$ cat my_file_8.pdb   # PDB, C-alpha atoms
MODEL        1
ATOM      1  CA  MET A   1     156.310 177.641 104.190
ATOM      2  CA  ASP A   2     153.843 180.335 103.159
ATOM      3  CA  LEU A   3     151.948 182.558 105.587
ATOM      4  CA  CYS A   4     148.662 181.234 104.170
ATOM      5  CA  THR A   5     149.463 177.715 105.473
ATOM      6  CA  LEU A   6     149.862 178.738 109.126
ATOM      7  CA  PRO A   7     146.940 177.739 111.336
ATOM      8  CA  PRO A   8     145.249 180.254 113.645
ATOM      9  CA  GLY A   9     147.355 180.832 116.748
ATOM     10  CA  ALA A  10     150.627 179.937 115.008
ATOM     11  CA  ALA A  11     153.531 182.349 114.962
ATOM     12  CA  ALA A  12     156.464 182.585 112.576
ATOM     13  CA  ARG A  13     159.267 184.812 111.365
ATOM     14  CA  VAL A  14     158.935 186.417 107.917
ATOM     15  CA  VAL A  15     161.671 185.180 105.564
ATOM     16  CA  ALA A  16     160.671 186.856 102.278
ATOM     17  CA  VAL A  17     157.873 188.938 100.760
ATOM     18  CA  ASP A  18     157.521 188.160  97.044
ATOM     19  CA  LEU A  19     155.272 191.033  95.948
ATOM     20  CA  GLU A  20     155.472 194.029  93.642
ATOM     21  CA  ASP A  21     156.898 197.216  95.121
ATOM     22  CA  GLY A  22     153.596 198.888  96.102
ATOM     23  CA  PRO A  23     152.095 196.080  98.205
ATOM     24  CA  ARG A  24     155.515 195.050  99.543
ATOM     25  CA  VAL A  25     156.261 198.590 100.745
ATOM     26  CA  ARG A  26     152.818 198.863 102.371
ATOM     27  CA  LEU A  27     153.307 195.587 104.259
ATOM     28  CA  HIS A  28     156.785 196.749 105.277
ATOM     29  CA  GLU A  29     155.237 199.934 106.720
ATOM     30  CA  LEU A  30     152.830 197.744 108.709
ATOM     31  CA  GLY A  31     155.761 195.749 110.105
ATOM     32  CA  LEU A  32     155.296 192.646 107.945
ATOM     33  CA  ARG A  33     158.824 192.375 106.535
ATOM     34  CA  PRO A  34     161.731 189.921 106.425
ATOM     35  CA  GLY A  35     163.069 189.331 109.924
ATOM     36  CA  GLY A  36     159.792 190.424 111.513
ATOM     37  CA  ASP A  37     157.526 188.208 113.585
ATOM     38  CA  VAL A  38     153.891 187.509 112.745
ATOM     39  CA  ARG A  39     151.063 185.527 114.368
ATOM     40  CA  VAL A  40     147.892 184.344 112.611
ATOM     41  CA  THR A  41     145.006 185.329 114.879
ATOM     42  CA  HIS A  42     142.242 183.818 112.744
ATOM     43  CA  ARG A  43     141.097 183.021 109.240
ATOM     44  CA  ALA A  44     138.861 185.545 107.532
ATOM     45  CA  ALA A  45     136.292 185.103 104.789
ATOM     46  CA  PHE A  46     137.449 183.814 101.398
ATOM     47  CA  GLY A  47     140.713 182.377 102.752
ATOM     48  CA  GLY A  48     142.257 185.581 104.016
ATOM     49  CA  LEU A  49     143.975 185.889 107.374
ATOM     50  CA  VAL A  50     143.969 188.302 110.249
ATOM     51  CA  VAL A  51     147.527 188.610 111.509
ATOM     52  CA  ALA A  52     149.227 190.237 114.478
ATOM     53  CA  VAL A  53     152.467 192.132 114.051
ATOM     54  CA  GLY A  54     153.480 193.500 117.418
ATOM     55  CA  ALA A  55     150.350 195.003 118.978
ATOM     56  CA  ASP A  56     148.748 195.688 115.579
ATOM     57  CA  ARG A  57     146.201 193.472 113.811
ATOM     58  CA  PHE A  58     145.273 193.604 110.131
ATOM     59  CA  ALA A  59     143.823 191.453 107.359
ATOM     60  CA  VAL A  60     145.883 189.908 104.569
ATOM     61  CA  ASP A  61     144.098 188.407 101.564
ATOM     62  CA  ALA A  62     144.849 184.780 100.636
ATOM     63  CA  ARG A  63     146.696 185.660  97.427
ATOM     64  CA  THR A  64     149.052 188.006  99.269
ATOM     65  CA  ALA A  65     149.550 185.575 102.176
ATOM     66  CA  ALA A  66     150.596 182.887  99.681
ATOM     67  CA  ARG A  67     153.511 185.106  98.590
ATOM     68  CA  ILE A  68     154.879 185.719 102.083
ATOM     69  CA  ARG A  69     157.448 183.082 103.091
ATOM     70  CA  VAL A  70     157.767 182.340 106.804
ATOM     71  CA  ALA A  71     159.751 180.072 109.118
ATOM     72  CA  VAL A  72     158.079 178.614 112.193
ATOM     73  CA  GLY A  73     160.026 178.906 115.419
ATOM     74  CA  PRO A  74     160.395 181.019 118.543
ATOM     75  CA  VAL A  75     159.090 184.507 117.806
ATOM     76  CA  ASP A  76     158.275 187.676 119.713
ATOM     77  CA  VAL A  77     154.596 188.403 119.035
ATOM     78  CA  ALA A  78     152.141 189.102 121.838
ATOM     79  CA  PRO A  79     149.330 186.537 122.175
ATOM     80  CA  ALA A  80     146.016 187.484 120.592
ATOM     81  CA  HIS A  81     144.289 187.752 123.990
ATOM     82  CA  PRO A  82     146.799 188.344 126.793
ATOM     83  CA  SER A  83     145.715 187.456 130.322
ATOM     84  CA  PRO A  84     144.735 190.383 132.547
ATOM     85  CA  ALA A  85     147.386 191.434 135.070
ATOM     86  CA  GLY A  86     147.279 189.244 138.147
ATOM     87  CA  ALA A  87     145.168 186.515 136.498
ATOM     88  CA  THR A  88     146.198 182.919 137.053
ATOM     89  CA  SER A  89     145.478 179.843 135.006
TER      90      SER A  89
ENDMDL
END
$ encode --input "my_file_8.pdb" --output "C-alpha cells"
Amino acid sequence: MDLCTLPPGAAARVVAVDLEDGPRVRLHELGLRPGGDVRVTHRAAFGGLVVAVGADRFAVDARTAARIRVAVGPVDVAPAHPSPAGATS
C-alpha cells in the first residue's frame, strides 16, 4: 500500500521509500524512513498529505506519497489532537 492511499487519521509503518537520494535523505532526516511510523493527519490541496511522524507534522506532495510504501497495523504515533490531561470522554 502507498502512503497516498491512507485516509486521514490512519496510521502505518513505513516499509520502503522509493525516491532518489536527495528527497529520500531529506525524508529520512524528518523521520519518514523504513521502520518508522507515520499518521496521515489530513489531505492537503492538490492531493498532497499532511503527515505526523512523532510529534512533528509536515506536508508530503502526492507524487512523493505515492512512492512511499507502508503497512497498516499497530504503530506508535501520537494522535493528531491528544486529549488534555485529566479530560474524560
$ resolve_selection --input "my_file_8.pdb" --expression "the PyMOL selection byres ((chain A and resi 22-37) around 8)" --output "PyMOL selection string"
chain A and resi 11-21+38-39+53-54+75-77
$ resolve_selection --input "my_file_8.pdb" --expression "the PyMOL selection byres ((chain A and resi 7) around 12)" --output "list of chain:residue names"
A:Met1, A:Asp2, A:Leu3, A:Cys4, A:Thr5, A:Leu6, A:Pro8, A:Gly9, A:Ala10, A:Ala11, A:Ala12, A:Arg39, A:Val40, A:Thr41, A:His42, A:Arg43, A:Ala44, A:Gly47, A:Gly48, A:Leu49, A:Val50, A:Val51, A:Val72
$ axis_aligned_box --input "my_file_8.pdb" --around "region 45-62 of chain A" --padding-each-side "5 Å" --output "JSON"
{"center_x": 144.9, "center_y": 189.0, "center_z": 109.8, "size_x": 27.2, "size_y": 23.3, "size_z": 28.3}
$ residues_around --input "my_file_8.pdb" --residues "Ala45 (chain A)" --least-positions-apart "6" --cutoff "12 Å" --atoms "all atoms listed in the file" --output "PDB file with C-alpha atoms, in the coordinates of the input"
ATOM      1  CA  ALA A  59     143.823 191.453 107.359  1.00  0.00           C
ATOM      2  CA  VAL A  60     145.883 189.908 104.569  1.00  0.00           C
ATOM      3  CA  ASP A  61     144.098 188.407 101.564  1.00  0.00           C
ATOM      4  CA  ALA A  62     144.849 184.780 100.636  1.00  0.00           C
TER       5      ALA A  62
END
